[in-house]
Amino acid sequence: QRQMCIRDSSQQNGSGTNHAKISSLTKDNNNNIWIGTLGGGLNKYSNDKDFYTYFQHQADTPHSLSSNQVSSVYVDSYNEVWVGTEQKGLNKYQKNCQCFKTYLAKTDDPTTLPHNMALSFTENEKRELWIGTIRGSAIYHRATDTFTRYKLIRANKAGRLYRSNRSSYTSADGTVWFGSQQMGVISIPNDGFRFQSYQYLSLIHISEPTRLGMI
């Protein structure tokens, strides 16, 4: 039985990963393994060929990966590959050209990402893609190729809650969950109109429902 080998291959000769720091792993419907690295960009392992392909940022190449610092990789229910980066926005892989479409946050445009650090992904029951960023979350609208931003933030006794959504998951009942630095766990019911935060503050569990606010 063939074994997948994930190892640092500085020659980028297809025999292994091109960087030792791996941030995320996922598999597409074609049995390819997509590997996010912190410094080497995106790697794809093709099971049928037992070969690695490397996608990296090239300053002089349009539609290359926006950054080699990949924080998260996700394959959605449409078999599209999404790549979150540390500071250079979100990338969607374009199979026809083996290139990427980049989505960047723009302060004055509410139909863009909340922040260029994209950290996590999940899909809800409607096959809508949620993206967690360091400054709240967003839903991607496939029909218009735009986003709706959500703050996921409120004031409390400790002051302004931090809204960095570093992990995400959709449970069987359709609830979307986010794990947040300093904000605990956030759950968004499948009706989408409110969120519930669960956090520990001075060893006391606090659970408060809040309206789901858009940025």
# chains A, B, ... in the order shown; residues from 1 in each chain; ligands from 1
call {"tool": "residues_around", "arguments": {"residues": "region 114-117 of chain A", "least_positions_apart": "2", "cutoff": "8 Å", "atoms": "only C-alpha atoms", "output": "list in words"}}
result
Gly84, Thr85, Glu86, Gln87, Lys88, Gly89, Leu90, Leu104, Ala105, Lys106, Thr107, Pro110, Thr112, Leu119, Thr133, Ile134, Arg135, Gly136, Ser137, Ala138, Arg149, Tyr150 and Ile215 of chain A
call {"tool": "residues_around", "arguments": {"residues": "region 93-103 of chain A", "least_positions_apart": "4", "cutoff": "12 Å", "atoms": "only C-alpha atoms", "output": "PyMOL selection string"}}
result
chain A and resi 28+34+42+44+53-58+61-67+73-76+79-85+87-89+111-118+131+140+145-147
call {"tool": "select_by_dssp", "arguments": {"residues": "region 40-213 of chain A", "states": "strand (DSSP E or B)", "output": "PDB file with C-alpha atoms, in the first residue's frame"}}
result
ATOM      1  CA  LEU A  42      -0.030  25.849  -1.288  1.00  0.00           C
ATOM      2  CA  ASN A  43       0.934  22.266  -2.121  1.00  0.00           C
ATOM      3  CA  LYS A  44      -1.248  19.686  -3.878  1.00  0.00           C
ATOM      4  CA  TYR A  45      -0.567  15.981  -3.542  1.00  0.00           C
ATOM      5  CA  SER A  46      -2.000  13.953  -6.443  1.00  0.00           C
ATOM      6  CA  PHE A  51       3.375  13.723  -7.065  1.00  0.00           C
ATOM      7  CA  TYR A  52       3.370  17.149  -5.406  1.00  0.00           C
ATOM      8  CA  THR A  53       2.519  20.387  -7.224  1.00  0.00           C
ATOM      9  CA  TYR A  54       3.443  23.753  -5.725  1.00  0.00           C
ATOM     10  CA  PHE A  55       1.528  27.026  -5.918  1.00  0.00           C
ATOM     11  CA  GLN A  69       1.807  32.342   4.261  1.00  0.00           C
ATOM     12  CA  VAL A  70      -1.267  30.093   4.111  1.00  0.00           C
ATOM     13  CA  SER A  71      -3.375  29.946   7.263  1.00  0.00           C
ATOM     14  CA  SER A  72      -6.208  27.665   6.104  1.00  0.00           C
ATOM     15  CA  VAL A  73      -7.383  25.543   3.164  1.00  0.00           C
ATOM     16  CA  TYR A  74     -10.941  24.355   2.537  1.00  0.00           C
ATOM     17  CA  VAL A  75     -12.792  22.418  -0.170  1.00  0.00           C
ATOM     18  CA  VAL A  81     -10.606  25.037  -3.208  1.00  0.00           C
ATOM     19  CA  TRP A  82     -10.384  28.110  -0.945  1.00  0.00           C
ATOM     20  CA  VAL A  83      -7.109  29.338   0.505  1.00  0.00           C
ATOM     21  CA  GLY A  84      -6.916  31.752   3.446  1.00  0.00           C
ATOM     22  CA  THR A  85      -3.703  33.692   3.999  1.00  0.00           C
ATOM     23  CA  LEU A  90      -8.645  34.950   0.369  1.00  0.00           C
ATOM     24  CA  ASN A  91      -7.870  32.924  -2.765  1.00  0.00           C
ATOM     25  CA  LYS A  92     -10.140  30.690  -4.854  1.00  0.00           C
ATOM     26  CA  TYR A  93      -8.391  28.146  -7.054  1.00  0.00           C
ATOM     27  CA  GLN A  94      -9.272  28.309 -10.758  1.00  0.00           C
ATOM     28  CA  CYS A  99      -4.357  30.123 -11.015  1.00  0.00           C
ATOM     29  CA  PHE A 100      -6.221  32.012  -8.303  1.00  0.00           C
ATOM     30  CA  LYS A 101      -8.831  34.690  -7.866  1.00  0.00           C
ATOM     31  CA  THR A 102      -7.974  36.877  -4.874  1.00  0.00           C
ATOM     32  CA  TYR A 103     -10.513  38.553  -2.591  1.00  0.00           C
ATOM     33  CA  ALA A 118      -8.623  34.593   6.656  1.00  0.00           C
ATOM     34  CA  LEU A 119      -8.378  31.875   9.283  1.00  0.00           C
ATOM     35  CA  SER A 120     -11.215  29.347   8.971  1.00  0.00           C
ATOM     36  CA  PHE A 121     -14.058  28.026   6.805  1.00  0.00           C
ATOM     37  CA  THR A 122     -17.327  26.140   7.164  1.00  0.00           C
ATOM     38  CA  GLU A 123     -20.532  25.708   5.151  1.00  0.00           C
ATOM     39  CA  LEU A 129     -19.589  29.477   2.839  1.00  0.00           C
ATOM     40  CA  TRP A 130     -18.662  31.172   6.125  1.00  0.00           C
ATOM     41  CA  ILE A 131     -15.168  32.637   6.413  1.00  0.00           C
ATOM     42  CA  GLY A 132     -13.658  33.410   9.804  1.00  0.00           C
ATOM     43  CA  THR A 133     -11.188  36.303   9.930  1.00  0.00           C
ATOM     44  CA  GLY A 136     -15.256  38.936  12.454  1.00  0.00           C
ATOM     45  CA  SER A 137     -16.786  36.646   9.857  1.00  0.00           C
ATOM     46  CA  ALA A 138     -18.403  36.791   6.440  1.00  0.00           C
ATOM     47  CA  ILE A 139     -20.745  34.781   4.243  1.00  0.00           C
ATOM     48  CA  TYR A 140     -19.800  34.340   0.593  1.00  0.00           C
ATOM     49  CA  HIS A 141     -22.615  34.824  -1.939  1.00  0.00           C
ATOM     50  CA  THR A 146     -19.593  39.136  -2.886  1.00  0.00           C
ATOM     51  CA  PHE A 147     -19.619  38.863   0.910  1.00  0.00           C
ATOM     52  CA  THR A 148     -21.762  39.963   3.842  1.00  0.00           C
ATOM     53  CA  ARG A 149     -19.760  40.904   6.933  1.00  0.00           C
ATOM     54  CA  TYR A 150     -20.700  40.073  10.524  1.00  0.00           C
ATOM     55  CA  ALA A 155     -19.393  45.014  24.877  1.00  0.00           C
ATOM     56  CA  ASN A 156     -19.338  43.291  28.253  1.00  0.00           C
ATOM     57  CA  GLY A 159     -14.796  45.704  27.610  1.00  0.00           C
ATOM     58  CA  ARG A 160     -14.717  45.076  23.890  1.00  0.00           C
ATOM     59  CA  SER A 164     -10.764  36.747  15.871  1.00  0.00           C
ATOM     60  CA  ASN A 165     -12.468  33.596  14.535  1.00  0.00           C
ATOM     61  CA  ARG A 166      -9.723  31.018  14.299  1.00  0.00           C
ATOM     62  CA  SER A 167     -11.732  27.808  13.886  1.00  0.00           C
ATOM     63  CA  SER A 168     -15.188  26.921  12.611  1.00  0.00           C
ATOM     64  CA  TYR A 169     -17.613  24.023  12.312  1.00  0.00           C
ATOM     65  CA  THR A 170     -21.225  23.345  11.282  1.00  0.00           C
ATOM     66  CA  VAL A 176     -22.445  27.372  12.756  1.00  0.00           C
ATOM     67  CA  TRP A 177     -19.759  27.443  15.453  1.00  0.00           C
ATOM     68  CA  PHE A 178     -16.692  29.665  15.693  1.00  0.00           C
ATOM     69  CA  GLY A 179     -13.793  29.368  18.103  1.00  0.00           C
ATOM     70  CA  SER A 180     -12.453  32.812  18.932  1.00  0.00           C
ATOM     71  CA  GLN A 181      -9.376  34.093  20.691  1.00  0.00           C
ATOM     72  CA  GLY A 184     -14.737  31.797  23.674  1.00  0.00           C
ATOM     73  CA  VAL A 185     -17.076  29.793  21.463  1.00  0.00           C
ATOM     74  CA  ILE A 186     -19.707  31.491  19.301  1.00  0.00           C
ATOM     75  CA  SER A 187     -22.745  29.642  17.961  1.00  0.00           C
ATOM     76  CA  ILE A 188     -25.030  30.956  15.219  1.00  0.00           C
ATOM     77  CA  ARG A 194     -28.599  35.899  16.510  1.00  0.00           C
ATOM     78  CA  PHE A 195     -25.507  34.423  18.031  1.00  0.00           C
ATOM     79  CA  GLN A 196     -24.758  32.904  21.394  1.00  0.00           C
ATOM     80  CA  SER A 197     -21.348  33.331  22.996  1.00  0.00           C
ATOM     81  CA  TYR A 198     -19.864  30.991  25.579  1.00  0.00           C
ATOM     82  CA  GLN A 199     -16.833  32.201  27.453  1.00  0.00           C
ATOM     83  CA  TYR A 200     -14.941  31.847  30.698  1.00  0.00           C
ATOM     84  CA  LEU A 201     -14.169  35.048  32.556  1.00  0.00           C
ATOM     85  CA  ILE A 204     -17.172  32.024  35.714  1.00  0.00           C
ATOM     86  CA  HIS A 205     -19.109  30.700  32.706  1.00  0.00           C
ATOM     87  CA  ILE A 206     -21.029  33.433  30.857  1.00  0.00           C
ATOM     88  CA  SER A 207     -23.597  32.719  28.185  1.00  0.00           C
ATOM     89  CA  GLU A 208     -25.348  35.668  26.569  1.00  0.00           C
ATOM     90  CA  PRO A 209     -27.499  35.739  23.415  1.00  0.00           C
ATOM     91  CA  THR A 210     -26.857  38.690  21.119  1.00  0.00           C
ATOM     92  CA  ARG A 211     -28.202  39.992  17.851  1.00  0.00           C
TER      93      ARG A 211
END
call {"tool": "closest_residue", "arguments": {"among": "A:Ala172, A:Ala59, A:Ala143, A:Ile35", "to": "Ala20 (chain A)", "atoms": "only C-alpha atoms"}}
result
A:Ile35
call {"tool": "atom_distance", "arguments": {"atom1": "CA of Thr37 (chain A)", "atom2": "CA of Asp60 (chain A)"}}
result
21.2 Å
call {"tool": "atom_distance", "arguments": {"atom1": "CA of Asn13 (chain A)", "atom2": "CA of Asp50 (chain A)"}}
result
12.0 Å
call {"tool": "decode", "arguments": {"residues": "region 79-91 of chain A", "atoms": "all heavy atoms", "output": "CSV table (one decimal), in the first residue's frame"}}
result
chain,number,residue,atom,x,y,z
A,79,ASN,N,-16.8,21.5,-4.6
A,79,ASN,CA,-15.4,21.0,-4.9
A,79,ASN,C,-14.5,22.2,-5.3
A,79,ASN,O,-13.5,22.0,-6.1
A,79,ASN,CB,-15.4,19.9,-6.0
A,79,ASN,CG,-14.2,19.1,-6.0
A,79,ASN,OD1,-13.7,18.7,-4.9
A,79,ASN,ND2,-13.7,18.6,-7.1
A,80,GLU,N,-14.8,23.3,-4.8
A,80,GLU,CA,-13.9,24.5,-5.1
A,80,GLU,C,-12.9,24.6,-3.9
A,80,GLU,O,-13.3,24.4,-2.7
A,80,GLU,CB,-14.7,25.8,-5.3
A,80,GLU,CG,-15.4,25.8,-6.6
A,80,GLU,CD,-16.0,27.1,-6.9
A,80,GLU,OE1,-16.5,27.8,-6.0
A,80,GLU,OE2,-16.0,27.5,-8.1
A,81,VAL,N,-11.7,24.9,-4.2
A,81,VAL,CA,-10.6,25.0,-3.2
A,81,VAL,C,-10.4,26.5,-2.8
A,81,VAL,O,-10.2,27.4,-3.7
A,81,VAL,CB,-9.3,24.5,-3.7
A,81,VAL,CG1,-8.2,24.6,-2.7
A,81,VAL,CG2,-9.5,23.0,-4.2
A,82,TRP,N,-10.5,26.8,-1.5
A,82,TRP,CA,-10.4,28.1,-0.9
A,82,TRP,C,-9.1,28.1,-0.1
A,82,TRP,O,-8.9,27.2,0.7
A,82,TRP,CB,-11.6,28.5,-0.1
A,82,TRP,CG,-12.9,28.6,-0.9
A,82,TRP,CD1,-13.7,27.6,-1.2
A,82,TRP,CD2,-13.4,29.8,-1.5
A,82,TRP,NE1,-14.8,28.1,-1.9
A,82,TRP,CE2,-14.6,29.4,-2.1
A,82,TRP,CE3,-13.0,31.1,-1.5
A,82,TRP,CZ2,-15.4,30.3,-2.8
A,82,TRP,CZ3,-13.8,32.0,-2.2
A,82,TRP,CH2,-15.0,31.6,-2.8
A,83,VAL,N,-8.4,29.2,-0.2
A,83,VAL,CA,-7.1,29.3,0.5
A,83,VAL,C,-7.1,30.7,1.3
A,83,VAL,O,-7.1,31.7,0.7
A,83,VAL,CB,-5.9,29.3,-0.5
A,83,VAL,CG1,-4.6,29.3,0.3
A,83,VAL,CG2,-6.0,28.1,-1.4
A,84,GLY,N,-7.0,30.6,2.6
A,84,GLY,CA,-6.9,31.8,3.4
A,84,GLY,C,-5.5,32.0,3.7
A,84,GLY,O,-4.7,31.1,3.9
A,85,THR,N,-5.1,33.3,3.7
A,85,THR,CA,-3.7,33.7,4.0
A,85,THR,C,-3.6,34.5,5.3
A,85,THR,O,-4.6,35.0,5.8
A,85,THR,CB,-3.1,34.5,2.8
A,85,THR,OG1,-3.7,35.8,2.8
A,85,THR,CG2,-3.3,33.8,1.5
A,86,GLU,N,-2.4,34.7,5.7
A,86,GLU,CA,-2.1,35.4,7.0
A,86,GLU,C,-2.4,36.9,6.9
A,86,GLU,O,-2.9,37.5,7.8
A,86,GLU,CB,-0.7,35.2,7.4
A,86,GLU,CG,-0.3,33.8,7.9
A,86,GLU,CD,-0.9,33.5,9.2
A,86,GLU,OE1,-0.7,34.3,10.2
A,86,GLU,OE2,-1.7,32.5,9.3
A,87,GLN,N,-2.2,37.5,5.8
A,87,GLN,CA,-2.4,39.0,5.6
A,87,GLN,C,-2.8,39.4,4.2
A,87,GLN,O,-3.0,40.6,4.0
A,87,GLN,CB,-1.1,39.8,6.0
A,87,GLN,CG,-0.8,39.7,7.5
A,87,GLN,CD,-1.8,40.5,8.4
A,87,GLN,OE1,-2.6,41.3,7.9
A,87,GLN,NE2,-1.7,40.3,9.7
A,88,LYS,N,-2.9,38.5,3.3
A,88,LYS,CA,-3.2,38.9,1.9
A,88,LYS,C,-4.5,38.4,1.4
A,88,LYS,O,-4.6,38.1,0.2
A,88,LYS,CB,-2.0,38.4,1.0
A,88,LYS,CG,-0.6,39.0,1.4
A,88,LYS,CD,-0.6,40.5,1.1
A,88,LYS,CE,0.8,41.0,1.4
A,88,LYS,NZ,0.9,42.5,1.1
A,89,GLY,N,-5.5,38.2,2.2
A,89,GLY,CA,-6.8,37.9,1.8
A,89,GLY,C,-7.1,36.5,1.5
A,89,GLY,O,-6.4,35.6,2.0
A,90,LEU,N,-8.1,36.3,0.7
A,90,LEU,CA,-8.6,34.9,0.4
A,90,LEU,C,-8.4,34.6,-1.1
A,90,LEU,O,-8.5,35.5,-2.0
A,90,LEU,CB,-10.1,35.0,0.7
A,90,LEU,CG,-11.0,33.7,0.4
A,90,LEU,CD1,-10.5,32.6,1.3
A,90,LEU,CD2,-12.4,34.0,0.7
A,91,ASN,N,-8.1,33.4,-1.4
A,91,ASN,CA,-7.9,32.9,-2.8
A,91,ASN,C,-8.8,31.8,-3.1
A,91,ASN,O,-9.0,30.9,-2.3
A,91,ASN,CB,-6.4,32.4,-3.0
A,91,ASN,CG,-5.4,33.5,-2.7
A,91,ASN,OD1,-4.9,34.0,-3.7
A,91,ASN,ND2,-5.1,33.8,-1.5
